[in-house]
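Everything on this sheet refers to the single structure shown next.
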Amino acid sequence: MTPLRHIALALFIAISWLLASPTHASVANAPAANLEIALITYGPGETYWERFGHDALQVRDTVSGESVNFNYGEFDFDQENFFLNFARGRMNYMMGAALSNIDESYYIETGRSITRQRLALNAAQAGALRDFLLWNLRPENSHYGYDYYVDNCATRVRNALDQALGGALKAQLAARPGGMTYRQQTLRLMSNQPALMLVLDLGLGPYADHPLTLWQESFIPMVLQRAVENVRIDDGKGGLQPLVSDNRIVSANRLDTPPASAPDLRGPLALAGLGIALLMLLARRFWPTGFTLLGSLYALAAGIVGLVLLVLWTLTAHHSAWANANLLLFNPLAWLLLPSLWRARRGITPSRFIDGVIAVQLLATIVAVLLHLLPGVVQQNQPWLLFALPIWLMLAWRLRRPC
């Protein structure tokens with residue numbers, strides 16, 4: 001996923017192709033037999049939108065030497081209402097193209113790895129793929145509605161390649177189980193930015209915890225890179241051959257490598273929840289005003305988080321955030337406790353109404369715990385259960401008990 005860096009160059013290339021004379025050898029008019037197709041995979045970068053990596057399809061004319069990289073990861077921060085549309089889950093991305101050496105120079109300069117896998121496509125398949133990419137590059141065809149998990153730079157490359165192979169890629173990858181869920185891949189790749197990783201984990205609903213096939217998990221460019229190594233295609237002689245005929249590292253990675261698995265957040269968040277609950281207990285005993293401040297801060301934060309989760313579910317197209325069980329732990333109901341928290345510093349017990357609010361919140365927390373006993377796919381929010389449960393229990397207990 002890269003910023004909109006190559007638009008001017010892409011337009012120049014597209015115009016050049018359209019106006020090129022038949023005598024000028026180029027990727028656009030080269031005979032299909034002269035085309036060489038490669039999958040280019042770029043490793044994760046340092047910026048948050050680069051953490052999932054990036055990829056491209058490279059089309060090379062073996063006679064003229066011209067080589068062009070086609071990718072589906074272009075976006076523009078300056079486009080109208082970019083951030084509003086992003087918040088709504090309506091992200092407008094586009095296809096781009098650049099000469100291979102220019103495209104890859106950016107990744108080399110920033111220290112990101114580049115892997116080139118030459119693919120054993122026959123002339124008909126290579127020509128069909130080239131023609132489709134050129135058609136897709138046209139301004140009227142280049143835009144698409146981006147989705148993190150099902151319609152991104154890697155899935156578009158994967159689908160274009162599968163189309164050229166007559167469905168052989170999907171048939172093989174969809175029959176194999178993936179190694180991780182959407183949530184696990186997200187946490188793994190974002191683990192170098194802990195705050196953002198926690199926000200994403202808190203915001204993901206049960207959609208992110210469904211078991212994936214290898215086809216689905218190849219929304220990650222590096223997963224697609226590994227997956228195609230085991231794909232076999234028709235060799236034209238009644239047998240099968242590897243899809244990848246050559247695998248070469250163009251540029252080695254010079255950045256921190258993401259971990260092989262997602263971090264386990266249960267221990268750290270459980271300790272954090274217990275720590276906050278213990279601070280509240282000590283403050284209630286020795287510094288009532290401190291208990292009020294801690295409790296109010298938590299209630300405010302829980303209400304804000306719940307409101308955001310509710311908006312994501314009901315008012316946006318971020319389907320990976322829908323039906324989030326964390327709403328049972330963090331919701332605007334917490335704001336109703338604020339007056340009682342401020343009265344608690346003077347030893348005033350809550351009203352019956354507040355007793356009811358506390359009871360409802362504790363019941364919601366218990367329901368969140370019990371959801372894990374249901375059969376089928378369950379939202380993997382155990383870390384947030386372990387974080388919130390001791391705090392809610394402490395608030396309920398100390399609000400009902402005089403100093």
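Please note that chains go A, B, ... in the order of the structure tokens, that every chain numbers its residues from 1, and that ligands are numbered from 1 in the order shown.
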
Backbone-only DSSP, strand (DSSP E) members of region 211-313 of chain A, as a list in words
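Residues of region 211-313 of chain A classed as strand (DSSP E): Arg232, Ile233, Asp234, Leu240, Gln241, Pro242, Val244, Ser245, Asp246, Asn247, Arg248, Ile249, Val250 and Ser251 of chain A.
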
Limited to N, CA, C and O atoms, could you put the picked residues into a file as a JSON list (two decimals), in the first residue's frame?
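And here's part-v6.json as it stands now:
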[["chain", "number", "residue", "atom", "x", "y", "z"],
["A", 232, "ARG", "N", 0.96, -25.47, -8.67],
["A", 232, "ARG", "CA", 1.34, -26.18, -9.88],
["A", 232, "ARG", "C", 0.33, -25.87, -10.98],
["A", 232, "ARG", "O", -0.87, -25.81, -10.73],
["A", 233, "ILE", "N", 0.84, -25.67, -12.19],
["A", 233, "ILE", "CA", -0.02, -25.36, -13.33],
["A", 233, "ILE", "C", 0.28, -26.31, -14.48],
["A", 233, "ILE", "O", 1.32, -26.99, -14.49],
["A", 234, "ASP", "N", -0.60, -26.32, -15.45],
["A", 234, "ASP", "CA", -0.46, -27.16, -16.63],
["A", 234, "ASP", "C", 0.79, -26.75, -17.42],
["A", 234, "ASP", "O", 0.99, -25.58, -17.71],
["A", 240, "LEU", "N", 2.30, -31.29, -14.95],
["A", 240, "LEU", "CA", 2.25, -30.09, -14.12],
["A", 240, "LEU", "C", 3.64, -29.54, -13.91],
["A", 240, "LEU", "O", 4.63, -30.29, -13.89],
["A", 241, "GLN", "N", 3.72, -28.23, -13.75],
["A", 241, "GLN", "CA", 4.99, -27.58, -13.47],
["A", 241, "GLN", "C", 4.77, -26.51, -12.39],
["A", 241, "GLN", "O", 3.65, -26.03, -12.20],
["A", 242, "PRO", "N", 5.82, -26.13, -11.67],
["A", 242, "PRO", "CA", 5.66, -25.07, -10.67],
["A", 242, "PRO", "C", 5.29, -23.75, -11.33],
["A", 242, "PRO", "O", 5.78, -23.42, -12.41],
["A", 244, "VAL", "N", 6.06, -20.86, -10.11],
["A", 244, "VAL", "CA", 7.24, -20.00, -9.97],
["A", 244, "VAL", "C", 8.44, -20.70, -10.60],
["A", 244, "VAL", "O", 8.86, -21.78, -10.16],
["A", 245, "SER", "N", 8.96, -20.10, -11.64],
["A", 245, "SER", "CA", 10.11, -20.70, -12.32],
["A", 245, "SER", "C", 11.44, -20.15, -11.82],
["A", 245, "SER", "O", 12.49, -20.74, -12.05],
["A", 246, "ASP", "N", 11.41, -19.02, -11.16],
["A", 246, "ASP", "CA", 12.64, -18.43, -10.61],
["A", 246, "ASP", "C", 12.27, -17.51, -9.45],
["A", 246, "ASP", "O", 11.30, -16.75, -9.54],
["A", 247, "ASN", "N", 13.02, -17.60, -8.39],
["A", 247, "ASN", "CA", 12.77, -16.80, -7.19],
["A", 247, "ASN", "C", 14.04, -16.06, -6.82],
["A", 247, "ASN", "O", 15.06, -16.69, -6.52],
["A", 248, "ARG", "N", 13.98, -14.72, -6.84],
["A", 248, "ARG", "CA", 15.21, -13.96, -6.63],
["A", 248, "ARG", "C", 14.95, -12.77, -5.72],
["A", 248, "ARG", "O", 13.95, -12.06, -5.85],
["A", 249, "ILE", "N", 15.86, -12.54, -4.77],
["A", 249, "ILE", "CA", 15.79, -11.36, -3.91],
["A", 249, "ILE", "C", 16.50, -10.22, -4.62],
["A", 249, "ILE", "O", 17.71, -10.25, -4.83],
["A", 250, "VAL", "N", 15.73, -9.21, -5.01],
["A", 250, "VAL", "CA", 16.28, -8.06, -5.72],
["A", 250, "VAL", "C", 17.00, -7.14, -4.74],
["A", 250, "VAL", "O", 18.07, -6.60, -5.03],
["A", 251, "SER", "N", 16.41, -6.96, -3.57],
["A", 251, "SER", "CA", 17.00, -6.10, -2.55],
["A", 251, "SER", "C", 16.65, -6.68, -1.18],
["A", 251, "SER", "O", 15.49, -6.99, -0.91]]

Near region 149-172 of chain A, 8 Å: region 211-310 of chain A residue rows, closest pairs, only C-alpha atoms, as JSON lines:
{"residue": "A:Trp215", "atom": "CA", "partner": "A:Lys170", "partner_atom": "CA", "distance": 6.3}
{"residue": "A:Gln216", "atom": "CA", "partner": "A:Val150", "partner_atom": "CA", "distance": 7.5}
{"residue": "A:Ser218", "atom": "CA", "partner": "A:Thr155", "partner_atom": "CA", "distance": 6.9}
{"residue": "A:Phe219", "atom": "CA", "partner": "A:Thr155", "partner_atom": "CA", "distance": 5.2}
{"residue": "A:Ile220", "atom": "CA", "partner": "A:Ala154", "partner_atom": "CA", "distance": 6.3}
{"residue": "A:Pro221", "atom": "CA", "partner": "A:Ala154", "partner_atom": "CA", "distance": 5.2}
{"residue": "A:Leu224", "atom": "CA", "partner": "A:Ala154", "partner_atom": "CA", "distance": 7.5}
{"residue": "A:Val228", "atom": "CA", "partner": "A:Leu169", "partner_atom": "CA", "distance": 7.9}
{"residue": "A:Val231", "atom": "CA", "partner": "A:Gln172", "partner_atom": "CA", "distance": 6.9}
{"residue": "A:Ile233", "atom": "CA", "partner": "A:Ala168", "partner_atom": "CA", "distance": 7.0}

Please identify all polymer residues within 9 Å of region 281-283 of chain A, counting only C-alpha atoms, omitting same-chain residues fewer than 5 positions from it, and present them as a count of residues only.
10

What is the CA of Val68 (chain A) to CA of Phe52 (chain A) distance in Å?
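Computing the Euclidean distance for CA of Val68 (chain A) and CA of Phe52 (chain A) yields 22.5 Å.
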